[in-house]
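Chemist: Below are the structure tokens for one structure; questions will follow.
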Amino acid sequence: MLWEWSLLPLTAEWGREGLQIGGCSVPDLVRAYGTPLYLYDAVTLRTQVQTLEELLREHYPGEGLITYAAKAYFSPALARRLVALGLGVDVVSLGEFRLALRAGFPPTHIHLHGNNKTLEEIALALEMGIQAIVVDSLDELEWIETIAQERGQVARIWLRITPGIATHTHPHIQTAHAQSKFGLYVETGDAALAIHKARHSPWLDLRGLHTHLGSQIHDTEPYQRAIEALFALAEQTDYLPEEFSPGGGWGVRYQPEDPPDNPLPWVRAISESVTAACKRRHWPLPRLVIEPGRWLVARAGVAIYQVGAQKRAADGRHIIAVDGGMADNPRVALYGARYVALPLGYESYEGDLLPSRVVGRFCESGDVLIEEIDLPPLQRGDLLVIPVAGAYHLSMASNYNLAPRPAALWLEDGRAELLQPREDPLASLWWGDEP
Ligand code: LLP
């Protein structure tokens with residue numbers, strides 16, 4: 001099967017000039033902006049947001065809030081659109097934090113994460129009165145308390161708890177196992193001690209508990225166990241959280257054989273687990289905050305590359321080099337992520353397929369985008385569409401080999417607006433006193 005519509009953005013269709021997304025002709029956009037090019041479909045992103053909102057309303061009887069994990073992809077033009085949708089945001093750096101504020105996120109909808117926050121980040125959080133600083137360690141708890149005291153302000157905080165739960169995902173994107181660098185460990189007693197200390201400090205206002213299990217998870221069971229563990233901890237320490245967040249991490253479908261792209265099991269499981277945990281203890285329901293990144297933006301985005309040099313390797317595989325690669329999508333090298341590529345113009349191709357490998361143009365052997373895929377014989381200049389490219393590509397992109405980070409466009413009702421221009425990699429270099 002060559003063409004897989006179900007991985008593409010919801011508005012993908014055939015127009016007169018071939019593939020259209022958001023009512024825009026993809027070949028036209030490539031002519032105007034070049035490749036590699038990232039395209040984001042407005043309808044898909046809004047539909048994902050609405051779907052989660054409706055599910056949360058339907059399954060959680062208390063108050064719910066969706067906060068977008070900015071690390072999945074953030075730019076001023078995207079942030080402004082997310083503000084208009086009423087989302088909150090989770091930020092992990094001064095850069096994300098300042099962008100969120102400048103784009104108009106209300107401070108009460110911002111929470112600050114990170115396992116090694118800076119003084120500047122904490123000071124800005126206190127100054128703006130954000131929803132919560134999510135405290136990651138006992139060391140940080142004491143430090144935030146000192147800063148708050150020095151400034152004469154009370155710090156509103158959550159505690160990030162590490163319940164010691166491993167998930168079935170790549171080891172690099174697991175975060176709540178006992179060896180994780182993140183959070184306050186339940187097992188060592190740090191979590192209980194942090195609750196105790198936070199509650200007894202006049203400079204700390206402990207609003208809630210948080211955990212994040214990892215990313216690209218398709219199974220509800222670890223969420224249920226984690227929620228149970230956090231409520232058991234709250235009960236042991238005689239603490240009743242007003243806010244509660246089981247993080248983000250729900251997975252998406254990158255390939256046809258991946259599990260379905262359905263968030264219902266996730267939202268239902270966390271809603272029911274929190275409700276049941278509270279009911280059993282006769283506690284009021286906390287405000288439930290979920291923190292999806294990938295699930296909101298991944299499918300809205302596609303990457304478009306142009307085919308360049310080709311060769312046949314000794315193992316018989318056809319090697320197709322495209323004009324991007326690990327500098328704009330490091331996920332294959334980092335997590336062994338698997339993608340499909342859809343060759344534009346070959347939608348009704350019925351001839352022989354060649355066992356192929358799609359590689360990037362960067363000077364590293366690990367710069368492979370797709371290890372094994374059957375593709376028709378392609379020509380130089382043909383376009384390859386990589387679906388599900390909206391999360392953790394551009395936000396993790398680099399200037400390796402002084403590559404410019406690609407342009408990204410927002411497509412809506414036949415109009416394309418820039419989310420980010422193609423970068424000039426020389427513009428940010430220091431040239432010294434050039435004669
Ligand atoms: N909340 C916290 C505290 C997080 O650390 C993350 C992601 C999220 C929410 C959002 O997770 P999501 O819903 O997007 O899975 N670069 C990796 C993923 C790293 C995720 C880091 N934290 C990848 O490309 O797979």
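In the structure tokens, each chain is lettered A, B, ... as it comes, each chain's residues begin at 1, and ligands are numbered from 1 in order of appearance.
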Can you list, as number ranges by chain, every protein, DNA or RNA residue that comes within 9 Å of stretch 227-241 of chain A when you count only C-alpha atoms, leaving out same-chain residues fewer than 6 positions away?

Modeler: A: 161-163, 186, 191-193, 195-196, 199, 206-211, 270, 273-274, 277-278, 281, 283-287

Chemist: Convert the current residue selection to file output with N, CA, C and O atoms, as a CSV table (one decimal), in the first residue's frame.

Modeler:
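The result, written out as result_27.csv:
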chain,number,residue,atom,x,y,z
A,161,ILE,N,5.7,13.9,41.3
A,161,ILE,CA,6.0,12.6,42.0
A,161,ILE,C,6.4,11.5,41.1
A,161,ILE,O,5.8,11.4,40.0
A,162,THR,N,7.4,10.7,41.5
A,162,THR,CA,7.9,9.6,40.7
A,162,THR,C,7.5,8.3,41.4
A,162,THR,O,8.1,7.9,42.3
A,163,PRO,N,6.4,7.7,40.9
A,163,PRO,CA,5.9,6.5,41.6
A,163,PRO,C,6.7,5.2,41.3
A,163,PRO,O,6.3,4.2,41.9
A,186,VAL,N,8.8,8.2,45.3
A,186,VAL,CA,8.0,7.7,46.4
A,186,VAL,C,8.8,6.7,47.3
A,186,VAL,O,8.8,6.8,48.5
A,191,ALA,N,9.1,12.0,48.3
A,191,ALA,CA,7.8,12.5,48.0
A,191,ALA,C,7.0,12.9,49.2
A,191,ALA,O,6.5,14.0,49.4
A,192,ALA,N,7.0,11.9,50.2
A,192,ALA,CA,6.2,12.2,51.4
A,192,ALA,C,6.9,13.4,52.2
A,192,ALA,O,6.1,14.2,52.7
A,193,LEU,N,8.2,13.4,52.2
A,193,LEU,CA,8.9,14.5,53.0
A,193,LEU,C,8.6,15.8,52.3
A,193,LEU,O,8.3,16.9,53.0
A,195,ILE,N,5.9,16.7,50.6
A,195,ILE,CA,4.5,17.1,51.0
A,195,ILE,C,4.5,17.7,52.4
A,195,ILE,O,4.0,18.8,52.6
A,196,HIS,N,5.2,17.0,53.3
A,196,HIS,CA,5.2,17.5,54.7
A,196,HIS,C,5.8,18.9,54.7
A,196,HIS,O,5.3,19.8,55.3
A,199,ARG,N,3.8,21.7,53.1
A,199,ARG,CA,2.6,22.1,53.8
A,199,ARG,C,2.9,23.0,55.1
A,199,ARG,O,2.0,23.7,55.6
A,206,LEU,N,1.1,24.7,48.6
A,206,LEU,CA,1.0,23.4,47.8
A,206,LEU,C,-0.4,23.2,47.3
A,206,LEU,O,-1.3,22.9,48.0
A,207,ARG,N,-0.5,23.3,45.9
A,207,ARG,CA,-1.8,23.2,45.3
A,207,ARG,C,-2.1,21.9,44.8
A,207,ARG,O,-3.3,21.5,44.6
A,208,GLY,N,-1.1,21.1,44.4
A,208,GLY,CA,-1.5,19.8,43.8
A,208,GLY,C,-0.3,18.9,43.6
A,208,GLY,O,0.9,19.2,43.9
A,209,LEU,N,-0.7,17.7,43.1
A,209,LEU,CA,0.3,16.7,42.8
A,209,LEU,C,0.3,16.4,41.3
A,209,LEU,O,-0.7,16.5,40.6
A,210,HIS,N,1.5,16.0,40.8
A,210,HIS,CA,1.7,15.8,39.4
A,210,HIS,C,2.5,14.5,39.2
A,210,HIS,O,3.4,14.3,40.0
A,211,THR,N,2.3,13.9,38.1
A,211,THR,CA,3.2,12.8,37.6
A,211,THR,C,3.2,12.8,36.1
A,211,THR,O,2.2,13.1,35.5
A,270,ILE,N,-8.1,8.0,33.1
A,270,ILE,CA,-7.6,8.9,34.1
A,270,ILE,C,-8.8,9.5,34.9
A,270,ILE,O,-8.8,9.7,36.1
A,273,SER,N,-10.2,6.9,37.2
A,273,SER,CA,-9.3,6.6,38.3
A,273,SER,C,-9.3,7.7,39.4
A,273,SER,O,-9.3,7.4,40.6
A,274,VAL,N,-9.2,8.9,38.9
A,274,VAL,CA,-9.2,10.0,39.9
A,274,VAL,C,-10.6,10.1,40.6
A,274,VAL,O,-10.6,10.2,41.9
A,277,ALA,N,-10.7,7.2,43.1
A,277,ALA,CA,-9.7,7.4,44.3
A,277,ALA,C,-10.3,8.4,45.3
A,277,ALA,O,-10.2,8.2,46.5
A,278,CYS,N,-11.0,9.4,44.7
A,278,CYS,CA,-11.6,10.4,45.6
A,278,CYS,C,-12.8,9.9,46.3
A,278,CYS,O,-13.0,10.1,47.5
A,281,ARG,N,-12.2,7.8,49.3
A,281,ARG,CA,-11.7,8.5,50.5
A,281,ARG,C,-12.7,9.6,50.9
A,281,ARG,O,-12.3,10.4,51.8
A,283,TRP,N,-13.3,12.3,49.3
A,283,TRP,CA,-12.7,13.6,49.1
A,283,TRP,C,-13.4,14.3,47.9
A,283,TRP,O,-13.9,13.6,47.0
A,284,PRO,N,-13.3,15.6,47.9
A,284,PRO,CA,-13.9,16.3,46.8
A,284,PRO,C,-13.0,16.1,45.6
A,284,PRO,O,-11.8,15.9,45.7
A,285,LEU,N,-13.5,16.3,44.4
A,285,LEU,CA,-12.7,16.1,43.2
A,285,LEU,C,-11.7,17.2,43.0
A,285,LEU,O,-12.1,18.4,43.1
A,286,PRO,N,-10.5,16.9,42.7
A,286,PRO,CA,-9.5,18.0,42.3
A,286,PRO,C,-9.8,18.5,40.9
A,286,PRO,O,-10.4,17.9,40.1
A,287,ARG,N,-9.2,19.7,40.6
A,287,ARG,CA,-9.2,20.1,39.2
A,287,ARG,C,-8.2,19.2,38.5
A,287,ARG,O,-7.1,19.1,38.9

Chemist: At most 7 Å is the cut-off: for each residue in chain A with any atom that close to an atom of ligand 1, write down the nearest atom pair and the distance in Å rounded to one decimal, counting only C-alpha atoms and all ligand atoms, chain first then increasing number, as a tab-separated table.

Modeler:
residue	atom	partner	partner_atom_place_in_ligand_line	distance
A:Ala69	CA	ligand 1	10 (C)	5.0
A:Lys71	CA	ligand 1	7 (C)	7.0
A:Ala72	CA	ligand 1	14 (O)	5.7
A:His113	CA	ligand 1	3 (C)	6.3
A:Ile173	CA	ligand 1	19 (C)	5.6
A:His212	CA	ligand 1	3 (C)	5.3
A:Gly214	CA	ligand 1	15 (O)	6.5
A:Ser215	CA	ligand 1	15 (O)	3.7
A:Gln216	CA	ligand 1	15 (O)	5.3
A:Gly247	CA	ligand 1	1 (N)	4.7
A:Gly248	CA	ligand 1	13 (O)	4.0
A:Gly249	CA	ligand 1	15 (O)	3.2
A:Trp250	CA	ligand 1	13 (O)	5.4
A:Gly251	CA	ligand 1	15 (O)	6.5
A:Glu291	CA	ligand 1	9 (C)	4.7
A:Pro292	CA	ligand 1	13 (O)	3.6
A:Gly293	CA	ligand 1	14 (O)	3.4
A:Arg294	CA	ligand 1	14 (O)	3.7
A:Trp295	CA	ligand 1	13 (O)	5.8
A:Arg331	CA	ligand 1	24 (O)	5.4
A:Tyr335	CA	ligand 1	25 (O)	6.9
A:Ala391	CA	ligand 1	24 (O)	6.9
A:Tyr392	CA	ligand 1	24 (O)	4.6

Chemist: From the list A:Gln20, A:Asn329, A:Thr11, A:Thr44, which residue is nearest A:Ala300 when using only C-alpha atoms?

Modeler: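 Checking each candidate against A:Ala300, we get A:Thr44 as the closest.
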
Chemist: Between atom CA of A:Ala341 and atom CA of A:Leu411, what is the distance, to one decimal in Å?

Modeler: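 Rounded to one decimal, the two atoms are 20.5 Å apart.
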
Chemist: Which of stretch 113-246 of chain A counts as helix (DSSP H, G or I) under DSSP, as a PyMOL selection string please?

Modeler: chain A and resi 119-128+138-151+171-173+190-199+221-236

Chemist: For A:Ala132, please output as an MDAnalysis selection string all residues within 7 Å (counting only C-alpha atoms; exclusion window: fewer than 2 positions along the same chain).

Modeler: chainID A and resid 111:112 130 134 156:158

Chemist: Kindly save the residues from that selection, with C-alpha atoms included, as a short mmCIF file (atom, residue, chain, number, x, y, z; two decimals), in the first residue's frame.

Modeler:
data_model
loop_
_atom_site.label_atom_id
_atom_site.label_comp_id
_atom_site.auth_asym_id
_atom_site.auth_seq_id
_atom_site.Cartn_x
_atom_site.Cartn_y
_atom_site.Cartn_z
CA HIS A 111 2.80 25.83 34.76
CA LEU A 112 6.55 25.63 34.90
CA ILE A 130 1.51 31.44 37.43
CA VAL A 134 6.12 22.06 39.47
CA ARG A 156 2.22 28.37 44.36
CA ILE A 157 3.55 24.88 43.68
CA TRP A 158 2.75 21.34 42.62
#

Chemist: Could you tell me, as a ChimeraX atom specification, which residues of stretch 157-222 of chain A DSSP assigns to strand (DSSP E or B) when given the backbone?

Modeler: /A:157-162,174,184-185,204-210,214,217

Chemist: Of the candidates A:Glu364, A:Asp190, A:Asp315, A:Glu127, which one gets nearest to A:Val154 if we count only C-alpha atoms?

Modeler: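 So, comparing all the options, the nearest one is A:Glu127.
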
Chemist: Choose the residue, out of A:Pro406, A:Gly86, A:Gly381, A:Gly345, that has the smallest atom-to-atom separation from A:Gly325; count only C-alpha atoms.

Modeler: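 Looking at the shortest contact to A:Gly325, the residue is A:Pro406.
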
Chemist: To one decimal place, how far is atom CA of A:Asp139 from atom CA of A:Lys117 in Å?

Modeler: 11.1 Å

Chemist: For a quick check of understanding, using only C-alpha atoms, which of A:Leu37, A:Ile110, A:Ala125, A:Leu141 has the smallest distance to A:Leu418?

Modeler: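 The shortest atom-to-atom distance to A:Leu418 comes from A:Leu37.
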